[in-house]
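**Student:** My structure is stored as work-v5.txt, with compact mmCIF, C-alpha atoms.
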```
# COMPACT_ATOMS: atom_id res chain seq x y z
CA MET A 1 112.83 124.63 141.65
CA VAL A 2 109.34 123.43 140.70
CA TYR A 3 108.63 126.87 139.29
CA ASP A 4 111.79 126.70 137.13
CA GLU A 5 110.80 123.26 135.83
CA ARG A 6 107.38 124.53 134.82
CA ARG A 7 108.87 127.64 133.25
CA PHE A 8 111.41 125.59 131.29
CA LEU A 9 108.71 123.17 130.11
CA THR A 10 106.59 126.12 128.95
CA GLY A 11 109.60 127.43 127.05
CA LEU A 12 110.22 124.04 125.48
CA ARG A 13 106.62 123.88 124.31
CA ARG A 14 107.09 127.28 122.71
CA GLN A 15 110.15 125.91 120.91
CA TRP A 16 108.00 122.94 119.84
CA LEU A 17 105.74 125.43 118.09
CA TYR A 18 108.74 126.99 116.31
CA VAL A 19 109.84 123.52 115.16
CA ALA A 20 106.34 122.77 113.87
CA VAL A 21 106.27 126.04 111.92
CA ILE A 22 109.68 125.30 110.34
CA TYR A 23 108.52 121.80 109.41
CA ALA A 24 105.28 123.10 107.89
CA ALA A 25 107.03 125.86 105.95
CA THR A 26 109.57 123.42 104.53
CA LEU A 27 106.87 120.96 103.51
CA GLY A 28 104.94 123.84 101.93
CA ALA A 29 108.00 124.72 99.87
CA GLY A 30 108.34 121.07 98.91
CA TYR A 31 104.71 120.98 97.79
CA TRP A 32 105.27 124.11 95.68
CA LEU A 33 108.15 122.31 93.95
CA MET A 34 106.28 119.03 93.52
CA GLN A 35 103.40 120.85 91.81
CA ARG A 36 105.85 121.81 89.06
CA VAL A 37 107.17 118.32 88.42
CA TRP A 38 104.20 116.05 89.22
CA PRO A 39 100.48 116.06 88.41
CA ALA A 40 98.41 118.06 90.91
CA ALA A 41 96.81 114.99 92.52
CA ASP A 42 100.19 113.34 93.10
CA ALA A 43 101.59 116.56 94.57
CA VAL A 44 98.66 116.74 97.01
CA GLN A 45 99.27 113.11 98.01
CA TRP A 46 102.96 113.91 98.53
CA LEU A 47 102.02 116.75 100.87
CA ALA A 48 99.44 114.66 102.76
CA LEU A 49 101.93 111.86 103.47
CA ALA A 50 104.66 114.31 104.46
CA LEU A 51 102.26 116.09 106.84
CA ALA A 52 101.10 112.79 108.33
CA THR A 53 104.72 111.88 109.08
CA MET A 54 105.25 115.33 110.55
CA ALA A 55 102.21 114.85 112.81
CA VAL A 56 103.64 111.60 114.18
CA GLN A 57 106.98 113.25 114.91
CA MET A 58 105.43 116.32 116.52
CA ILE A 59 103.32 114.11 118.82
CA VAL A 60 106.42 112.20 119.88
CA LEU A 61 108.36 115.44 120.45
CA TRP A 62 105.55 117.07 122.48
CA TRP A 63 105.22 113.99 124.69
CA ALA A 64 108.99 113.66 125.18
CA LEU A 65 109.74 117.31 126.05
CA ARG A 66 109.50 116.41 129.76
CA PHE A 67 112.60 114.25 129.27
CA ASN A 68 114.85 117.07 128.09
CA HIS A 69 117.28 116.34 130.91
CA HIS A 70 120.48 114.39 131.37
CA PRO A 71 119.92 110.60 131.43
CA ASP A 72 121.23 110.50 135.03
CA GLY A 73 119.34 113.57 136.28
CA ASP A 74 115.93 115.18 136.24
CA ALA A 75 116.69 118.91 135.90
CA LEU A 76 115.28 120.18 132.60
CA PHE A 77 117.44 122.03 130.12
CA PRO A 78 115.71 125.27 129.06
CA ASP A 79 116.24 124.70 125.32
CA LEU A 80 116.35 121.79 122.90
CA GLY A 81 120.05 122.22 122.12
CA VAL A 82 122.09 121.74 118.95
CA ALA A 83 122.14 117.93 119.00
CA ASN A 84 118.35 117.64 119.29
CA GLY A 85 118.09 120.26 116.56
CA MET A 86 120.15 117.97 114.33
CA THR A 87 117.88 115.03 115.18
CA LEU A 88 114.83 117.14 114.31
CA THR A 89 116.48 118.02 111.01
CA ARG A 90 116.70 114.29 110.37
CA GLY A 91 113.02 114.06 111.11
CA LEU A 92 112.24 116.77 108.61
CA LEU A 93 114.21 114.97 105.91
CA THR A 94 112.20 111.83 106.71
CA CYS A 95 108.97 113.79 106.18
CA LEU A 96 110.17 114.95 102.77
CA MET A 97 111.08 111.36 101.89
CA ALA A 98 107.73 110.00 103.12
CA GLY A 99 105.87 112.08 100.54
CA PHE A 100 107.18 109.79 97.77
CA LEU A 101 105.40 106.74 99.19
CA PHE A 102 102.62 105.36 96.95
CA GLY A 103 103.32 108.02 94.32
CA PRO A 104 104.58 107.61 90.76
CA ASN A 105 108.20 106.65 90.32
CA PRO A 106 110.13 109.93 90.16
CA MET A 107 111.98 110.54 86.91
CA GLY A 108 115.12 112.44 85.93
CA TRP A 109 116.89 114.30 88.73
CA LEU A 110 113.93 113.73 91.06
CA ALA A 111 114.59 109.97 90.96
CA TRP A 112 117.60 110.62 93.20
CA ALA A 113 115.62 112.62 95.78
CA PRO A 114 114.56 109.74 98.11
CA ALA A 115 118.08 108.31 98.19
CA LEU A 116 119.72 111.70 98.80
CA LEU A 117 117.23 112.56 101.54
CA TYR A 118 117.85 109.30 103.35
CA MET A 119 121.62 109.42 102.88
CA THR A 120 121.71 112.96 104.30
CA GLU A 121 119.58 111.84 107.23
CA ARG A 122 122.02 109.00 107.91
CA VAL A 123 125.04 111.32 107.79
CA ILE A 124 123.45 113.67 110.33
CA ASP A 125 122.64 110.68 112.54
CA PHE A 126 126.33 109.83 112.56
CA PHE A 127 127.17 113.21 114.13
CA ASP A 128 124.27 114.22 116.38
CA GLY A 129 125.30 111.87 119.18
CA PHE A 130 128.87 113.15 118.99
CA VAL A 131 127.65 116.75 119.19
CA ALA A 132 125.50 115.89 122.23
CA ARG A 133 128.51 114.43 124.04
CA TYR A 134 130.88 117.23 122.95
CA THR A 135 128.49 119.94 124.19
CA SER A 136 127.60 117.98 127.34
CA ARG A 137 123.96 117.96 126.28
CA GLU A 138 123.13 114.27 126.23
CA THR A 139 119.45 113.97 127.12
CA LYS A 140 116.82 111.30 127.53
CA LEU A 141 114.78 113.32 125.02
CA GLY A 142 117.56 112.91 122.47
CA THR A 143 117.63 109.15 123.03
CA ILE A 144 113.86 108.91 122.53
CA LEU A 145 113.90 111.03 119.37
CA ASP A 146 116.86 109.13 117.97
CA MET A 147 115.20 105.73 118.41
CA GLU A 148 111.76 106.79 117.18
CA PHE A 149 113.04 108.76 114.18
CA ASP A 150 115.44 105.94 113.27
CA GLY A 151 112.62 103.40 113.26
CA LEU A 152 110.31 105.63 111.24
CA GLY A 153 113.01 106.54 108.73
CA ILE A 154 114.03 102.93 108.12
CA LEU A 155 110.41 101.88 107.66
CA ILE A 156 109.75 104.61 105.08
CA ALA A 157 113.03 103.97 103.23
CA VAL A 158 112.33 100.22 103.05
CA GLY A 159 108.80 100.95 101.82
CA LEU A 160 110.17 103.13 99.03
CA ALA A 161 112.78 100.54 98.04
CA ILE A 162 110.02 97.91 97.81
CA GLN A 163 107.88 100.32 95.80
CA TYR A 164 110.72 100.85 93.32
CA GLY A 165 111.31 97.10 92.98
CA HIS A 166 114.71 97.18 94.72
CA LEU A 167 113.72 95.10 97.76
CA PRO A 168 111.40 92.10 98.16
CA VAL A 169 108.09 92.64 99.94
CA TRP A 170 109.15 90.44 102.87
CA TYR A 171 111.86 93.00 103.70
CA LEU A 172 109.08 95.16 105.14
CA VAL A 173 109.10 92.87 108.19
CA LEU A 174 112.71 93.93 108.81
CA GLY A 175 111.74 97.56 108.24
CA LEU A 176 109.17 97.11 111.01
CA GLY A 177 111.76 95.37 113.17
CA ARG A 178 111.92 97.97 115.95
CA GLN A 179 108.14 98.41 116.11
CA LEU A 180 107.57 94.64 116.24
CA PHE A 181 110.28 94.27 118.88
CA VAL A 182 108.67 96.92 121.12
CA LEU A 183 105.22 95.38 120.55
CA GLY A 184 106.53 91.95 121.53
CA ILE A 185 107.98 93.31 124.78
CA TRP A 186 104.71 95.11 125.55
CA ILE A 187 102.71 91.93 125.00
CA ARG A 188 105.00 89.94 127.31
CA GLN A 189 104.68 92.61 129.99
CA ARG A 190 100.89 92.59 129.69
CA LEU A 191 100.91 88.82 130.11
CA ASN A 192 103.27 89.12 133.11
CA TRP A 193 105.90 87.08 131.30
CA PRO A 194 109.55 87.78 132.17
CA VAL A 195 111.29 90.53 130.21
CA ARG A 196 114.94 91.43 130.55
CA ASP A 197 116.66 94.69 129.58
CA LEU A 198 118.34 94.59 126.19
CA PRO A 199 121.96 93.56 126.86
CA PRO A 200 124.86 95.61 125.49
CA SER A 201 126.28 94.41 122.19
CA ASP A 202 129.34 95.39 120.18
CA HIS A 203 127.74 94.08 117.02
CA ARG A 204 124.21 95.55 117.19
CA ARG A 205 125.12 99.10 116.19
CA LEU A 206 127.60 97.86 113.56
CA ILE A 207 124.94 95.65 111.93
CA ALA A 208 122.40 98.48 112.10
CA GLY A 209 124.91 100.82 110.46
CA PHE A 210 125.55 98.41 107.61
CA GLN A 211 121.82 97.92 107.21
CA THR A 212 120.94 101.61 106.96
CA GLY A 213 123.91 102.16 104.65
CA PHE A 214 122.66 99.36 102.41
CA ILE A 215 119.14 100.82 102.33
CA SER A 216 120.58 104.22 101.43
CA ILE A 217 122.43 102.73 98.47
CA VAL A 218 119.64 100.39 97.34
CA LEU A 219 117.41 103.46 96.88
CA TRP A 220 119.69 104.67 94.08
CA PRO A 221 117.80 104.53 90.78
CA VAL A 222 120.70 102.82 88.98
CA TRP A 223 120.23 99.26 90.24
CA THR A 224 118.58 96.46 88.31
CA THR A 225 116.01 94.41 90.20
CA GLU A 226 118.15 91.25 90.04
CA VAL A 227 121.22 92.89 91.61
CA ALA A 228 119.20 94.65 94.32
CA MET A 229 117.29 91.51 95.28
CA PHE A 230 120.49 89.47 95.56
CA ALA A 231 122.03 92.12 97.82
CA ALA A 232 118.85 92.17 99.93
CA TRP A 233 119.33 88.51 100.89
CA LEU A 234 122.97 89.12 101.83
CA PHE A 235 122.19 92.08 104.10
CA ALA A 236 119.04 90.55 105.59
CA ALA A 237 120.87 87.59 107.13
CA PRO A 238 122.94 89.46 109.78
CA LEU A 239 119.98 91.69 110.67
CA ILE A 240 117.73 88.67 111.23
CA PHE A 241 120.45 87.13 113.39
CA SER A 242 120.81 90.34 115.43
CA PHE A 243 117.07 90.74 116.03
CA GLY A 244 116.74 87.04 116.82
CA ARG A 245 119.54 87.07 119.38
CA ASP A 246 118.21 90.22 121.03
CA TRP A 247 114.70 88.77 121.25
CA LEU A 248 115.96 85.54 122.80
CA ALA A 249 117.85 87.65 125.35
CA VAL A 250 115.03 90.02 126.37
CA SER A 251 112.54 87.13 126.50
CA THR A 252 114.98 85.32 128.87
CA THR A 253 115.12 82.34 126.51
CA ILE A 254 118.92 82.56 126.61
CA ASP A 255 121.31 84.01 129.16
CA ALA A 256 122.90 86.99 127.43
CA ASP A 257 125.77 87.00 129.97
CA SER A 258 126.90 83.50 129.09
CA ALA A 259 129.54 82.69 126.51
```
Could I get this file's structure written as structure tokens?

**Tutor:**
Amino acid sequence: MVYDERRFLTGLRRQWLYVAVIYAATLGAGYWLMQRVWPAADAVQWLALALATMAVQMIVLWWALRFNHHPDGDALFPDLGVANGMTLTRGLLTCLMAGFLFGPNPMGWLAWAPALLYMTERVIDFFDGFVARYTSRETKLGTILDMEFDGLGILIAVGLAIQYGHLPVWYLVLGLGRQLFVLGIWIRQRLNWPVRDLPPSDHRRLIAGFQTGFISIVLWPVWTTEVAMFAAWLFAAPLIFSFGRDWLAVSTTIDADSA
């Protein structure tokens, strides 16, 4: 059994290499295209940011390969599976989107690229969990990738929306919401302060869905600054409430089981 686990992990690491090659080839094709529509220096910056995002994702994937098993078991699956492949496709789209950070505002048809990349990533996210359940391939690896790629994608999308003048700068704090939440829990644990597991919530995923949908739409190049900023305040309120309630619960400030 131990031998099989080691053999499966070796096979998964080989698949990691295939994923990295596919990522790199796709980003290379993107760089080839960007050279034809942007100045050379901006195209190089696009590639550098996309590769940096790829590096983060590949590190997370390599570390999490050991968790390619059912959440209630510890026997490794020998391959990544279709659902994790869909999640990795989301990650690749996030890399392509990340290249637009700090660059010139894209013009013409390219102005729609960040929004279309993020919208496509969101659509895939809607189905990858369903595919995992349908194929009986729910894994702890998939949960890790889903959370980490979600957080990274939201952060990059919010950064782009701020860059294009469609969101206020303070919205970046909400874009960093997951990272700040995890950091806060880590600090409490280091200080030996009480930390409770995040309680289930019927509203958390709904609010998150509305939030990512809003960010997808606010990236459209058709909005005026005034309209986008007004919408930002409306959509920020429920997200702040959700994060606030969850933090009060995990920090044991309130009893999440009470009415």

**Student:** Contacts of Ile254 of chain A at 12 Å or less, counting all atoms listed in the file, minus same-chain residues fewer than 3 places along, as a VMD selection string?

**Tutor:** chain A and resid 195 to 196 199 244 to 251 257 to 259

**Student:** Would you mind listing, for every residue of segment 140-185 of chain A within 12 Å of segment 106-121 of chain A, the two atoms forming the shortest contact and the distance between them in Å to one decimal, using all atoms listed in the file, sorted by chain and ascending residue number, as CSV?

**Tutor:**
```
residue,atom,partner,partner_atom,distance
A:Asp146,CA,A:Glu121,CA,11.4
A:Phe149,CA,A:Glu121,CA,10.0
A:Asp150,CA,A:Glu121,CA,9.4
A:Leu152,CA,A:Tyr118,CA,11.5
A:Gly153,CA,A:Tyr118,CA,7.7
A:Ile154,CA,A:Tyr118,CA,8.8
A:Leu155,CA,A:Tyr118,CA,11.4
A:Ile156,CA,A:Tyr118,CA,9.5
A:Ala157,CA,A:Tyr118,CA,7.2
A:Val158,CA,A:Tyr118,CA,10.6
A:Gly159,CA,A:Pro114,CA,11.1
A:Leu160,CA,A:Pro114,CA,8.0
A:Ala161,CA,A:Pro114,CA,9.4
A:Gln163,CA,A:Pro106,CA,11.4
A:Tyr164,CA,A:Pro106,CA,9.6
```

**Student:** Take atom CA of Leu33 of chain A and atom CA of Gly99 of chain A and report the distance between them in Å, one decimal.

**Tutor:**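 Pair atom CA of Leu33 of chain A / atom CA of Gly99 of chain A returns 12.4 Å.
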
**Student:** Give me the residues near Trp233 of chain A as JSON, numbers by chain, where near means some atom within 10 Å (using only C-alpha atoms) and where sequence neighbours in that chain fewer than 4 positions away do not count.

**Tutor:** {"A": [167, 168, 171, 228, 229, 237, 238]}

**Student:** Output C-alpha atoms of each residue in that selection to a file, as a PDB file, in the frame of the given file.

**Tutor:**
```pdb
ATOM      1  CA  LEU A 167     113.720  95.100  97.760  1.00  0.00           C
ATOM      2  CA  PRO A 168     111.400  92.100  98.160  1.00  0.00           C
ATOM      3  CA  TYR A 171     111.860  93.000 103.700  1.00  0.00           C
ATOM      4  CA  ALA A 228     119.200  94.650  94.320  1.00  0.00           C
ATOM      5  CA  MET A 229     117.290  91.510  95.280  1.00  0.00           C
ATOM      6  CA  ALA A 237     120.870  87.590 107.130  1.00  0.00           C
ATOM      7  CA  PRO A 238     122.940  89.460 109.780  1.00  0.00           C
TER       8      PRO A 238
END
```

**Student:** With a distance cut-off of 10 Å and all atoms listed in the file, select the neighbouring residues of Thr26 of chain A, excluding the residue or stretch itself and same-chain residues fewer than 4 positions from it, and output the selection as JSON, numbers by chain.

**Tutor:** {"A": [20, 21, 22, 30, 31, 32, 92, 93, 95, 96]}

**Student:** Choose the residue, out of A:Ala132, A:Val182, A:Leu174, A:His166, that has the smallest atom-to-atom separation from Ala231 of chain A; count only C-alpha atoms.

**Tutor:**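 Closest residue, counting only C-alpha atoms: A:His166.
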
**Student:** What does the distance from atom CA of Ile144 of chain A to atom CA of Val60 of chain A come to in Å, to one decimal?

**Tutor:**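 Those two atoms sit 8.6 Å apart.
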
**Student:** Applying 9 Å and all atoms listed in the file, which residues near segment 4-16 of chain A remain after dropping the ones on its own chain fewer than 6 positions away? List them as a list in words.

**Tutor:** Met58, Leu61, Trp62, Leu65, Arg66, Asn68, Ala75, Leu76, Phe77, Pro78, Asp79 and Leu80 of chain A

**Student:** Looking at A:Gln35, A:Gln57, A:Gln211, A:Thr139, which one is nearest to His70 of chain A, with distances taken over all atoms listed in the file?

**Tutor:**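 Looking at the shortest contact to His70 of chain A, the residue is A:Thr139.
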
**Student:** By how many Å are atom CA of Met86 of chain A and atom CA of Arg137 of chain A apart?

**Tutor:** 12.5 Å

**Student:** Could you check which of A:Lys140, A:Phe243, A:Asn192, A:Ile217 is closest to Arg178 of chain A, using all atoms listed in the file?

**Tutor:**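 Closest residue, counting all atoms listed in the file: A:Phe243.
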
**Student:** Taking all atoms listed in the file into account, name the residue in A:Thr143, A:Thr87, A:Thr94, A:Gln45 that is nearest to Pro71 of chain A.

**Tutor:**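 Checking each of A:Thr143, A:Thr87, A:Thr94, A:Gln45 against Pro71 of chain A, counting all atoms listed in the file, the winner is A:Thr143.
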
**Student:** Point out the residue among A:Ala55, A:Val19, A:Leu219, A:Ala24 with the least atom-to-atom distance to Gly165 of chain A, counting all atoms listed in the file.

**Tutor:**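 Closest to Gly165 of chain A, using all atoms listed in the file: A:Leu219.
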
**Student:** Render segment 30-65 of chain A from the structure in the preceding block as a file of N, CA and C atoms, as an mmCIF file, in the first residue's frame.

**Tutor:**
```cif
data_model
loop_
_atom_site.group_PDB
_atom_site.id
_atom_site.type_symbol
_atom_site.label_atom_id
_atom_site.label_comp_id
_atom_site.auth_asym_id
_atom_site.auth_seq_id
_atom_site.Cartn_x
_atom_site.Cartn_y
_atom_site.Cartn_z
ATOM 1 N N GLY A 30 0.286 33.673 -25.613
ATOM 2 C CA GLY A 30 -0.263 34.970 -25.243
ATOM 3 C C GLY A 30 0.750 36.087 -25.433
ATOM 4 N N TYR A 31 1.997 35.829 -25.082
ATOM 5 C CA TYR A 31 3.061 36.821 -25.264
ATOM 6 C C TYR A 31 3.262 37.128 -26.745
ATOM 7 N N TRP A 32 3.214 36.098 -27.578
ATOM 8 C CA TRP A 32 3.345 36.291 -29.029
ATOM 9 C C TRP A 32 2.249 37.232 -29.537
ATOM 10 N N LEU A 33 1.023 37.048 -29.017
ATOM 11 C CA LEU A 33 -0.088 37.911 -29.419
ATOM 12 C C LEU A 33 0.095 39.321 -28.879
ATOM 13 N N MET A 34 0.489 39.441 -27.610
ATOM 14 C CA MET A 34 0.626 40.758 -27.001
ATOM 15 C C MET A 34 1.712 41.587 -27.688
ATOM 16 N N GLN A 35 2.734 40.940 -28.211
ATOM 17 C CA GLN A 35 3.779 41.661 -28.938
ATOM 18 C C GLN A 35 3.232 42.375 -30.164
ATOM 19 N N ARG A 36 2.125 41.876 -30.693
ATOM 20 C CA ARG A 36 1.549 42.446 -31.908
ATOM 21 C C ARG A 36 0.535 43.553 -31.635
ATOM 22 N N VAL A 37 0.140 43.700 -30.382
ATOM 23 C CA VAL A 37 -0.850 44.724 -30.073
ATOM 24 C C VAL A 37 -0.351 45.739 -29.051
ATOM 25 N N TRP A 38 0.741 45.445 -28.363
ATOM 26 C CA TRP A 38 1.313 46.333 -27.361
ATOM 27 C C TRP A 38 2.784 46.606 -27.656
ATOM 28 N N PRO A 39 3.322 47.702 -27.120
ATOM 29 C CA PRO A 39 4.772 47.923 -27.229
ATOM 30 C C PRO A 39 5.546 46.763 -26.592
ATOM 31 N N ALA A 40 6.770 46.538 -27.058
ATOM 32 C CA ALA A 40 7.560 45.386 -26.624
ATOM 33 C C ALA A 40 7.739 45.348 -25.108
ATOM 34 N N ALA A 41 8.016 46.501 -24.488
ATOM 35 C CA ALA A 41 8.243 46.530 -23.043
ATOM 36 C C ALA A 41 6.983 46.124 -22.279
ATOM 37 N N ASP A 42 5.820 46.568 -22.738
ATOM 38 C CA ASP A 42 4.570 46.215 -22.079
ATOM 39 C C ASP A 42 4.248 44.739 -22.268
ATOM 40 N N ALA A 43 4.592 44.193 -23.436
ATOM 41 C CA ALA A 43 4.369 42.767 -23.672
ATOM 42 C C ALA A 43 5.244 41.920 -22.752
ATOM 43 N N VAL A 44 6.493 42.349 -22.550
ATOM 44 C CA VAL A 44 7.390 41.632 -21.633
ATOM 45 C C VAL A 44 6.851 41.691 -20.208
ATOM 46 N N GLN A 45 6.339 42.850 -19.806
ATOM 47 C CA GLN A 45 5.760 42.980 -18.464
ATOM 48 C C GLN A 45 4.544 42.079 -18.329
ATOM 49 N N TRP A 46 3.718 42.015 -19.366
ATOM 50 C CA TRP A 46 2.555 41.115 -19.358
ATOM 51 C C TRP A 46 3.007 39.685 -19.103
ATOM 52 N N LEU A 47 4.032 39.245 -19.814
ATOM 53 C CA LEU A 47 4.523 37.876 -19.662
ATOM 54 C C LEU A 47 5.094 37.651 -18.262
ATOM 55 N N ALA A 48 5.837 38.621 -17.747
ATOM 56 C CA ALA A 48 6.457 38.470 -16.424
ATOM 57 C C ALA A 48 5.394 38.300 -15.339
ATOM 58 N N LEU A 49 4.330 39.106 -15.393
ATOM 59 C CA LEU A 49 3.278 39.014 -14.385
ATOM 60 C C LEU A 49 2.496 37.706 -14.520
ATOM 61 N N ALA A 50 2.257 37.299 -15.767
ATOM 62 C CA ALA A 50 1.551 36.036 -15.989
ATOM 63 C C ALA A 50 2.380 34.857 -15.472
ATOM 64 N N LEU A 51 3.691 34.889 -15.718
ATOM 65 C CA LEU A 51 4.565 33.818 -15.239
ATOM 66 C C LEU A 51 4.672 33.813 -13.720
ATOM 67 N N ALA A 52 4.691 34.999 -13.110
ATOM 68 C CA ALA A 52 4.743 35.072 -11.652
ATOM 69 C C ALA A 52 3.493 34.442 -11.034
ATOM 70 N N THR A 53 2.338 34.716 -11.638
ATOM 71 C CA THR A 53 1.095 34.114 -11.154
ATOM 72 C C THR A 53 1.113 32.611 -11.361
ATOM 73 N N MET A 54 1.644 32.177 -12.495
ATOM 74 C CA MET A 54 1.789 30.743 -12.752
ATOM 75 C C MET A 54 2.672 30.095 -11.700
ATOM 76 N N ALA A 55 3.779 30.751 -11.328
ATOM 77 C CA ALA A 55 4.699 30.193 -10.334
ATOM 78 C C ALA A 55 3.994 29.972 -9.004
ATOM 79 N N VAL A 56 3.181 30.949 -8.588
ATOM 80 C CA VAL A 56 2.431 30.806 -7.334
ATOM 81 C C VAL A 56 1.505 29.596 -7.404
ATOM 82 N N GLN A 57 0.793 29.460 -8.502
ATOM 83 C CA GLN A 57 -0.152 28.359 -8.649
ATOM 84 C C GLN A 57 0.556 27.008 -8.713
ATOM 85 N N MET A 58 1.680 26.944 -9.390
ATOM 86 C CA MET A 58 2.403 25.682 -9.497
ATOM 87 C C MET A 58 2.983 25.260 -8.142
ATOM 88 N N ILE A 59 3.400 26.232 -7.335
ATOM 89 C CA ILE A 59 3.893 25.913 -5.986
ATOM 90 C C ILE A 59 2.761 25.336 -5.141
ATOM 91 N N VAL A 60 1.597 25.973 -5.210
ATOM 92 C CA VAL A 60 0.439 25.481 -4.461
ATOM 93 C C VAL A 60 0.070 24.078 -4.926
ATOM 94 N N LEU A 61 0.038 23.847 -6.224
ATOM 95 C CA LEU A 61 -0.330 22.542 -6.767
ATOM 96 C C LEU A 61 0.673 21.474 -6.330
ATOM 97 N N TRP A 62 1.968 21.755 -6.452
ATOM 98 C CA TRP A 62 2.999 20.778 -6.070
ATOM 99 C C TRP A 62 2.847 20.392 -4.597
ATOM 100 N N TRP A 63 2.659 21.416 -3.741
ATOM 101 C CA TRP A 63 2.520 21.145 -2.312
ATOM 102 C C TRP A 63 1.266 20.332 -2.010
ATOM 103 N N ALA A 64 0.183 20.587 -2.753
ATOM 104 C CA ALA A 64 -1.113 19.983 -2.433
ATOM 105 C C ALA A 64 -1.343 18.631 -3.107
ATOM 106 N N LEU A 65 -0.409 18.155 -3.934
ATOM 107 C CA LEU A 65 -0.607 16.875 -4.612
ATOM 108 C C LEU A 65 -0.834 15.733 -3.625
#
```
